[in-house]
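What follows is the content of query_1.csv, which has CSV, C-alpha atoms and all ligand atoms:
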chain,number,residue,atom,x,y,z
A,23,MET,CA,0.0,0.0,0.0
A,24,HIS,CA,1.3,3.5,-0.8
A,25,VAL,CA,1.2,5.4,2.4
A,26,PRO,CA,-0.6,8.7,1.8
A,27,ARG,CA,1.1,12.0,2.6
A,28,ALA,CA,-1.4,12.8,5.4
A,29,MET,CA,-0.6,9.5,7.1
A,30,LEU,CA,3.1,10.1,6.9
A,31,ILE,CA,2.7,13.5,8.6
A,32,ALA,CA,0.4,11.9,11.3
A,33,GLN,CA,3.0,9.2,11.9
A,34,LEU,CA,5.8,11.8,12.3
A,35,ARG,CA,3.7,13.8,14.7
A,36,THR,CA,2.9,10.7,16.8
A,37,LEU,CA,6.6,9.9,16.9
A,38,GLY,CA,7.3,13.4,18.3
A,39,VAL,CA,8.3,15.5,15.3
A,40,ALA,CA,6.9,18.9,16.1
A,41,PRO,CA,6.7,22.4,14.6
A,42,GLY,CA,9.8,24.5,15.2
A,43,GLN,CA,12.3,21.7,15.9
A,44,VAL,CA,15.7,21.4,14.3
A,45,LEU,CA,15.6,17.9,12.9
A,46,LEU,CA,18.6,15.9,11.6
A,47,VAL,CA,17.3,13.0,9.5
A,48,HIS,CA,19.1,9.8,8.3
A,49,GLY,CA,16.8,7.9,6.1
A,50,SER,CA,16.4,4.8,3.9
A,51,PHE,CA,13.8,5.3,1.2
A,52,ARG,CA,13.9,1.6,0.5
A,53,ALA,CA,12.7,0.9,4.0
A,54,LEU,CA,9.9,3.5,3.9
A,55,ARG,CA,8.4,2.9,0.5
A,56,PRO,CA,6.0,2.7,-1.1
A,57,VAL,CA,4.8,6.2,-0.1
A,58,GLU,CA,2.8,8.9,-1.9
A,59,GLY,CA,5.0,11.2,-3.9
A,60,GLY,CA,8.2,9.0,-3.7
A,61,PRO,CA,11.3,10.4,-2.0
A,62,ARG,CA,10.2,14.0,-2.5
A,63,GLY,CA,6.8,13.2,-0.9
A,64,VAL,CA,8.7,12.0,2.2
A,65,LEU,CA,10.8,15.2,2.3
A,66,GLU,CA,7.7,17.4,1.9
A,67,ALA,CA,5.9,15.5,4.7
A,68,LEU,CA,9.0,16.1,7.0
A,69,LEU,CA,9.0,19.8,6.1
A,70,GLU,CA,5.2,20.0,6.7
A,71,ALA,CA,5.5,18.3,10.1
A,72,LEU,CA,8.2,20.8,11.1
A,73,GLY,CA,6.3,23.8,9.9
A,74,PRO,CA,7.8,27.1,8.7
A,75,ARG,CA,9.7,27.6,12.0
A,76,GLY,CA,11.3,24.2,11.9
A,77,THR,CA,14.6,23.3,10.2
A,78,LEU,CA,15.2,20.0,8.3
A,79,VAL,CA,18.8,18.8,8.1
A,80,MET,CA,20.3,15.9,6.2
A,81,PRO,CA,23.8,14.7,5.5
A,82,SER,CA,24.9,15.7,2.1
A,83,TRP,CA,28.6,14.9,1.9
A,84,THR,CA,30.4,13.5,-1.2
A,85,GLY,CA,31.5,9.9,-1.5
A,86,ARG,CA,34.5,10.9,-3.7
A,87,ASP,CA,37.9,11.6,-2.2
A,88,ASP,CA,39.6,12.1,-5.6
A,89,VAL,CA,37.7,15.1,-7.0
A,90,SER,CA,36.9,18.5,-5.3
A,91,PHE,CA,33.4,19.2,-4.0
A,92,ASP,CA,31.0,21.6,-5.7
A,93,SER,CA,28.0,22.3,-3.5
A,94,TRP,CA,25.9,23.1,-6.7
A,95,THR,CA,26.7,19.9,-8.6
A,96,THR,CA,28.4,17.1,-6.6
A,97,PRO,CA,25.9,14.3,-5.8
A,98,ALA,CA,25.5,13.1,-2.2
A,99,ALA,CA,27.4,9.9,-1.5
A,100,ALA,CA,25.5,6.9,-2.8
A,101,ASP,CA,25.3,5.3,0.6
A,102,LEU,CA,23.4,8.3,2.0
A,103,GLY,CA,20.5,7.2,-0.3
A,104,VAL,CA,18.0,8.9,-2.5
A,105,LEU,CA,16.4,11.0,0.2
A,106,ALA,CA,19.7,12.8,0.9
A,107,ASP,CA,20.4,13.2,-2.8
A,108,THR,CA,17.0,14.6,-3.5
A,109,PHE,CA,16.9,17.0,-0.5
A,110,TRP,CA,19.9,19.2,-1.4
A,111,ARG,CA,18.4,19.8,-4.9
A,112,MET,CA,15.1,21.1,-3.5
A,113,PRO,CA,14.2,24.9,-3.5
A,114,GLY,CA,15.3,26.9,-0.5
A,115,VAL,CA,17.8,24.3,0.7
A,116,ARG,CA,21.3,25.5,1.9
A,117,ARG,CA,24.3,23.2,1.5
A,118,SER,CA,27.8,23.4,3.1
A,119,THR,CA,30.5,24.4,0.6
A,120,HIS,CA,33.0,21.8,2.0
A,121,PRO,CA,33.1,18.1,1.2
A,122,PHE,CA,31.7,17.0,4.6
A,123,ALA,CA,28.5,18.9,3.7
A,124,PHE,CA,25.1,18.8,5.3
A,125,ALA,CA,22.0,20.4,3.7
A,126,ALA,CA,19.3,22.2,5.6
A,127,ARG,CA,16.1,24.1,5.0
A,128,GLY,CA,14.4,26.4,7.5
A,129,PRO,CA,15.2,29.4,9.7
A,130,ARG,CA,18.3,27.8,11.3
A,131,ALA,CA,19.6,26.3,8.0
A,132,GLU,CA,22.5,28.7,7.7
A,133,ASP,CA,23.5,28.3,11.4
A,134,VAL,CA,23.8,24.5,10.7
A,135,VAL,CA,25.5,24.2,7.3
A,136,VAL,CA,27.8,27.3,7.0
A,137,GLY,CA,31.3,27.1,8.4
A,138,PRO,CA,34.9,26.1,7.5
A,139,LEU,CA,36.0,22.6,6.6
A,140,PRO,CA,35.8,20.5,9.8
A,141,LEU,CA,38.6,18.0,10.3
A,142,PRO,CA,37.9,15.3,11.4
A,143,PRO,CA,34.6,15.6,9.5
A,144,HIS,CA,32.2,15.6,12.5
A,145,ALA,CA,34.3,17.6,15.0
A,146,PRO,CA,33.0,20.3,17.2
A,147,GLY,CA,32.1,23.2,14.9
A,148,SER,CA,30.8,20.9,12.2
A,149,PRO,CA,27.1,20.8,11.1
A,150,VAL,CA,26.3,17.8,13.3
A,151,ASP,CA,27.7,19.7,16.3
A,152,ARG,CA,25.5,22.7,15.4
A,153,VAL,CA,22.5,20.5,15.5
A,154,HIS,CA,23.6,19.4,18.9
A,155,ALA,CA,24.2,23.0,20.1
A,156,LEU,CA,20.7,24.0,18.9
A,157,ASP,CA,19.2,21.1,20.9
A,158,GLY,CA,18.1,19.4,17.7
A,159,ARG,CA,16.5,16.0,17.4
A,160,VAL,CA,17.8,13.1,15.4
A,161,LEU,CA,15.4,11.0,13.4
A,162,LEU,CA,16.5,7.6,12.1
A,163,LEU,CA,14.1,6.6,9.4
A,164,GLY,CA,14.5,2.9,8.5
A,165,VAL,CA,18.2,3.0,9.5
A,166,GLY,CA,19.9,1.9,12.7
A,167,HIS,CA,22.4,3.7,14.9
A,168,ASP,CA,25.2,2.4,12.7
A,169,GLY,CA,24.2,5.3,10.4
A,170,ASN,CA,24.0,7.8,13.3
A,171,THR,CA,26.7,10.4,12.6
A,172,THR,CA,26.1,12.2,15.9
A,173,LEU,CA,28.0,9.4,17.5
A,174,HIS,CA,31.2,10.4,15.7
A,175,LEU,CA,30.8,13.9,17.4
A,176,ALA,CA,30.3,12.1,20.8
A,177,GLU,CA,33.5,10.1,20.1
A,178,LEU,CA,35.5,13.3,19.5
A,179,MET,CA,34.0,15.1,22.5
A,180,ALA,CA,34.9,12.0,24.6
A,181,GLY,CA,38.5,12.1,23.2
A,182,VAL,CA,38.6,8.6,21.7
A,183,PRO,CA,42.2,7.8,20.8
A,184,TYR,CA,41.8,6.1,17.4
A,185,ARG,CA,42.3,7.7,14.0
A,186,VAL,CA,42.5,6.1,10.6
A,187,THR,CA,44.0,8.0,7.6
A,188,ASN,CA,41.5,9.2,5.0
A,189,ALA,CA,41.8,11.8,2.3
A,190,ILE,CA,39.8,14.5,0.5
A,191,THR,CA,40.5,16.7,-2.5
A,192,VAL,CA,40.0,20.5,-2.1
A,193,LEU,CA,40.6,23.4,-4.4
A,194,GLN,CA,43.4,25.7,-3.3
A,195,GLU,CA,43.5,28.8,-5.5
A,196,GLY,CA,41.7,26.8,-8.2
A,197,VAL,CA,44.1,23.9,-8.0
A,198,PRO,CA,42.9,20.5,-6.7
A,199,VAL,CA,45.0,19.4,-3.7
A,200,ARG,CA,44.8,16.1,-1.9
A,201,ILE,CA,44.7,16.4,1.9
A,202,GLU,CA,45.2,13.5,4.2
A,203,TYR,CA,43.7,13.6,7.7
A,204,GLY,CA,43.0,11.3,10.7
A,205,GLU,CA,39.4,10.3,11.2
A,206,ASN,CA,37.7,8.5,14.1
A,207,ASP,CA,36.4,5.9,11.7
A,208,HIS,CA,35.6,2.2,11.9
A,209,CYS,CA,32.8,-0.1,10.7
A,210,CYS,CA,30.2,1.7,13.0
A,211,ARG,CA,28.2,-1.5,13.6
A,212,ARG,CA,28.7,-1.2,17.4
A,213,PHE,CA,27.0,2.2,17.3
A,214,GLU,CA,23.9,0.0,17.7
A,215,LEU,CA,24.7,-0.1,21.4
A,216,ALA,CA,23.1,3.4,21.6
A,217,ASP,CA,19.7,1.8,21.0
A,218,GLY,CA,19.9,0.1,24.4
A,219,TRP,CA,21.3,3.2,26.2
A,220,LEU,CA,18.5,5.4,24.9
A,221,ARG,CA,15.7,2.8,25.4
A,222,SER,CA,16.6,2.0,29.0
A,223,ALA,CA,16.8,5.7,29.8
A,224,GLY,CA,13.4,6.2,28.1
A,225,LEU,CA,14.9,8.8,25.8
A,226,GLN,CA,14.1,7.3,22.4
A,227,LYS,CA,10.6,7.3,20.8
A,228,GLU,CA,10.0,4.5,18.2
A,229,GLY,CA,7.2,3.8,15.7
A,230,LYS,CA,6.3,3.4,12.1
A,231,VAL,CA,6.9,6.0,9.5
A,232,GLY,CA,5.8,4.8,6.1
A,233,HIS,CA,6.7,1.1,6.2
A,234,ALA,CA,9.9,1.8,8.1
A,235,HIS,CA,10.8,1.5,11.8
A,236,ALA,CA,11.7,5.0,13.0
A,237,ARG,CA,13.6,6.3,16.1
A,238,LEU,CA,13.6,9.8,17.4
A,239,PHE,CA,15.8,11.3,20.2
A,240,ARG,CA,17.5,14.5,21.3
A,241,SER,CA,21.0,14.9,20.0
A,242,GLN,CA,22.1,16.1,23.5
A,243,ASP,CA,20.7,13.0,25.2
A,244,LEU,CA,22.5,10.7,22.8
A,245,VAL,CA,25.8,12.6,23.1
A,246,ARG,CA,25.6,12.7,26.9
A,247,LEU,CA,24.9,9.0,27.2
A,248,ALA,CA,27.7,8.1,24.7
A,249,ILE,CA,30.3,10.2,26.4
A,250,GLU,CA,29.5,8.5,29.8
A,251,GLU,CA,29.9,5.1,28.2
A,252,LEU,CA,33.1,6.1,26.3
A,253,ALA,CA,34.6,7.6,29.5
A,254,ARG,CA,34.4,4.0,31.0
A,255,GLU,CA,35.6,2.3,27.9
A,256,PRO,CA,37.2,4.5,25.1
A,257,LEU,CA,37.3,1.6,22.6
A,258,LEU,CA,33.7,0.6,23.2
A,259,PHE,CA,32.6,1.2,19.6
A,260,LEU,CA,35.4,-1.0,18.1
A,261,HIS,CA,34.9,-4.7,17.5
A,262,SER,CA,37.3,-6.9,19.6
A,263,ARG,CA,40.3,-8.5,17.8
A,264,ASP,CA,38.7,-11.9,17.8
A,265,GLU,CA,35.7,-10.6,15.9
A,266,ALA,CA,38.1,-10.0,13.0
A,267,CYS,CA,36.6,-6.7,11.7
A,268,ALA,CA,39.2,-5.2,9.4
A,269,GLU,CA,38.0,-1.6,9.8
A,270,CYS,CA,37.9,-1.8,13.6
A,271,ASP,CA,41.3,-3.5,13.7
A,272,GLU,CA,42.7,-0.6,11.7
A,273,ALA,CA,41.3,1.8,14.2
A,274,ARG,CA,42.7,-0.3,17.1
A,275,ASP,CA,46.1,-0.4,15.3
A,276,SER,CA,46.2,3.4,15.4
A,277,VAL,CA,46.2,3.4,19.2
A,278,GLN,CA,49.8,3.6,20.6
A,279,GLY,CA,51.0,0.5,18.7
B,1,ZN,ZN,33.9,-3.4,13.3

Would it be possible to restate this file's structure as structure tokens?
Amino acid sequence: MHVPRAMLIAQLRTLGVAPGQVLLVHGSFRALRPVEGGPRGVLEALLEALGPRGTLVMPSWTGRDDVSFDSWTTPAAADLGVLADTFWRMPGVRRSTHPFAFAARGPRAEDVVVGPLPLPPHAPGSPVDRVHALDGRVLLLGVGHDGNTTLHLAELMAGVPYRVTNAITVLQEGVPVRIEYGENDHCCRRFELADGWLRSAGLQKEGKVGHAHARLFRSQDLVRLAIEELAREPLLFLHSRDEACAECDEARDSVQG
């Protein structure tokens, strides 16, 4: 059944999406569909649920490290999905001019997306940190916490010791230049731990949006709980050696040999 627009909006409201909020959305259209109006219909329902005083934010970074980023033409990374790649092209949407871009529409859009290149990508001062500072909500639409970028901010605020080497290409005086940087990166599957933390604290609302399972919580609640957990065990988000995860092993290898 195609979920009608009015039902999508009602589902979002029931979940706790309310007018005036700053709302960071990570979404899988595949999990939501079929819905009236396709990907654009989902985005319009989100904007309507937030009302004219609300601000919708989505990740919008590039998946390419070998070409420079152009906020007017560069597609969003394929793994961000069709919702993210549709959103930045919609009228009235602002997009960061650096490769770790977010896109936003609403009165706080500029406060969220404008700023210098953050390194690592989700460091304090980055768009995801602005959502946190504005007491924004995070909505996971048909995706789990493994796609929850705000946890990378929490890792940096907690001072996790791991960094893997990644690269981007930026224009310097019109010339493409490759920059290597250290990022708190790994497979992110253990970010799913946040589900239990938020649930047992009663700080995550869950329900259906379209055909997808959705989770809604405050960015500040998530970051506070994650920092408490990371203070006890800084490598908590990395798979153990015997789980043989190449990405987490690389992050572990970066910690003091
Ligand atoms: Zn792993």

Exercise. Could you tell me, counting only C-alpha atoms and all ligand atoms, which protein and nucleic acid residues lie no more than 7 Å from ligand ZN 1 (chain B), written as a ChimeraX atom specification?
Key: /A:208-212,260-261,267-270

Exercise. Name all residues at most 7 Å from A:Thr77 (count all atoms listed in the file; drop same-chain ones fewer than 2 positions away) and give them as a count of residues only.
Key: 12

Quiz prompt | atom CA of A:Tyr184 to atom CA of A:Ser148, distance in Å rounded to a single decimal | solution = 19.2 Å

Self-check item: Test item: which residues lie within 6 Å of (23.1, 19.2, 11.3) counting only C-alpha atoms, as a list in words
Solution: Leu46, Val79, Val134, Pro149, Val150, Arg152 and Val153 of chain A

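Closest approach to A:Leu178 from the set A:Asp207, A:Glu195, A:Asp157, A:Asp92 is made by A:Asp207, with distances taken over only C-alpha atoms.
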
Please produce, as CSV, a per-residue contact table for stretch 104-158 of chain A versus stretch 185-194 of chain A (criterion: any atom at most 10 Å away, all atoms listed in the file considered), showing the nearest atom pair and its distance in Å to one decimal, sorted by chain then residue number.
residue,atom,partner,partner_atom,distance
A:His120,CA,A:Val192,CA,8.2
A:Pro121,CA,A:Ile190,CA,7.6
A:Phe122,CA,A:Ile190,CA,9.4
A:Leu139,CA,A:Val192,CA,9.8
A:Pro142,CA,A:Arg185,CA,9.2

Quiz item: When you draw a straight line from atom CA of A:Leu30 to atom CA of A:Val115, how long is it in Å?
Solution: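 Atom-to-atom, atom CA of A:Leu30 to atom CA of A:Val115, that is 21.4 Å.
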
Quiz item: Is there a way to get, as an NGL selection string, all residues within 10 Å of the point (22.8, 10.6, 26.4) in file coordinates, counting all atoms listed in the file?
Solution: :A and (176 or 216 or 219-220 or 223 or 225 or 239-251)

Self-check item: Length of the atom CA of A:Glu214 to atom CA of A:Glu202 vector [Å]
Solution: 28.6 Å

Quiz item: What's the 10 Å shell around A:Ser50, counting only C-alpha atoms, without same-chain residues fewer than 3 positions away, as a ChimeraX atom specification?
Solution: /A:47,53-55,61,101-106,162-166,234

Self-check item: Residue neighbourhood A:Leu65, 10 Å, only C-alpha atoms, exclusion window fewer than 5 positions, as a PyMOL selection string
Solution: chain A and resi 47+59-60+70-71+78+105-106+108-109+112

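In terms of minimum interatomic distance to A:Val199, A:Val89 ranks closest within A:Val89, A:Ala273, A:Leu141, A:Ala32, counting all atoms listed in the file.
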
Quiz item: Which residue gives the smallest distance to A:His167 among A:Phe213, A:Tyr203, A:Phe51, A:Phe259, with all atoms listed in the file counted?
Solution: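 Of A:Phe213, A:Tyr203, A:Phe51, A:Phe259, the one nearest A:His167, counting all atoms listed in the file, is A:Phe213.
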
Self-check item: Which of A:Ala236, A:Pro183, A:Pro97, A:Asp217 sits closest to A:Asp275 [using only C-alpha atoms]
Solution: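 Smallest separation from A:Asp275 among the options: A:Pro183.
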
Quiz prompt | Best match for closeness to A:Ala67 among A:Ala180, A:Val25, A:Leu156, A:Met80, counting all atoms listed in the file | solution =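 With all atoms listed in the file as the atom set, the closest residue is A:Val25.
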
What would stretch 43-56 of chain A look like with N, CA and C atoms in place, written as a CSV table (one decimal), keeping the file's coordinate frame?
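Produced file out12.csv, reproduced below:
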chain,number,residue,atom,x,y,z
A,43,GLN,N,11.1,22.4,15.5
A,43,GLN,CA,12.3,21.7,15.9
A,43,GLN,C,13.4,21.9,14.8
A,44,VAL,N,14.6,21.7,15.2
A,44,VAL,CA,15.7,21.4,14.3
A,44,VAL,C,15.8,19.9,14.3
A,45,LEU,N,15.7,19.3,13.1
A,45,LEU,CA,15.6,17.9,12.9
A,45,LEU,C,16.6,17.3,11.9
A,46,LEU,N,17.6,16.5,12.4
A,46,LEU,CA,18.6,15.9,11.6
A,46,LEU,C,18.0,14.5,11.2
A,47,VAL,N,17.9,14.2,9.9
A,47,VAL,CA,17.3,13.0,9.5
A,47,VAL,C,18.3,12.1,8.7
A,48,HIS,N,18.4,10.9,9.1
A,48,HIS,CA,19.1,9.8,8.3
A,48,HIS,C,18.1,8.9,7.9
A,49,GLY,N,17.9,8.7,6.6
A,49,GLY,CA,16.8,7.9,6.1
A,49,GLY,C,17.1,6.9,5.0
A,50,SER,N,16.4,5.8,5.0
A,50,SER,CA,16.4,4.8,3.9
A,50,SER,C,15.1,4.8,3.2
A,51,PHE,N,15.0,5.3,2.0
A,51,PHE,CA,13.8,5.3,1.2
A,51,PHE,C,13.3,3.9,1.0
A,52,ARG,N,14.2,3.0,0.8
A,52,ARG,CA,13.9,1.6,0.5
A,52,ARG,C,13.1,1.0,1.6
A,53,ALA,N,13.4,1.4,2.9
A,53,ALA,CA,12.7,0.9,4.0
A,53,ALA,C,11.3,1.5,4.2
A,54,LEU,N,11.2,2.8,3.7
A,54,LEU,CA,9.9,3.5,3.9
A,54,LEU,C,8.9,3.2,2.9
A,55,ARG,N,9.3,2.9,1.7
A,55,ARG,CA,8.4,2.9,0.5
A,55,ARG,C,7.5,1.7,0.6
A,56,PRO,N,6.4,1.7,-0.2
A,56,PRO,CA,6.0,2.7,-1.1
A,56,PRO,C,5.2,3.8,-0.4
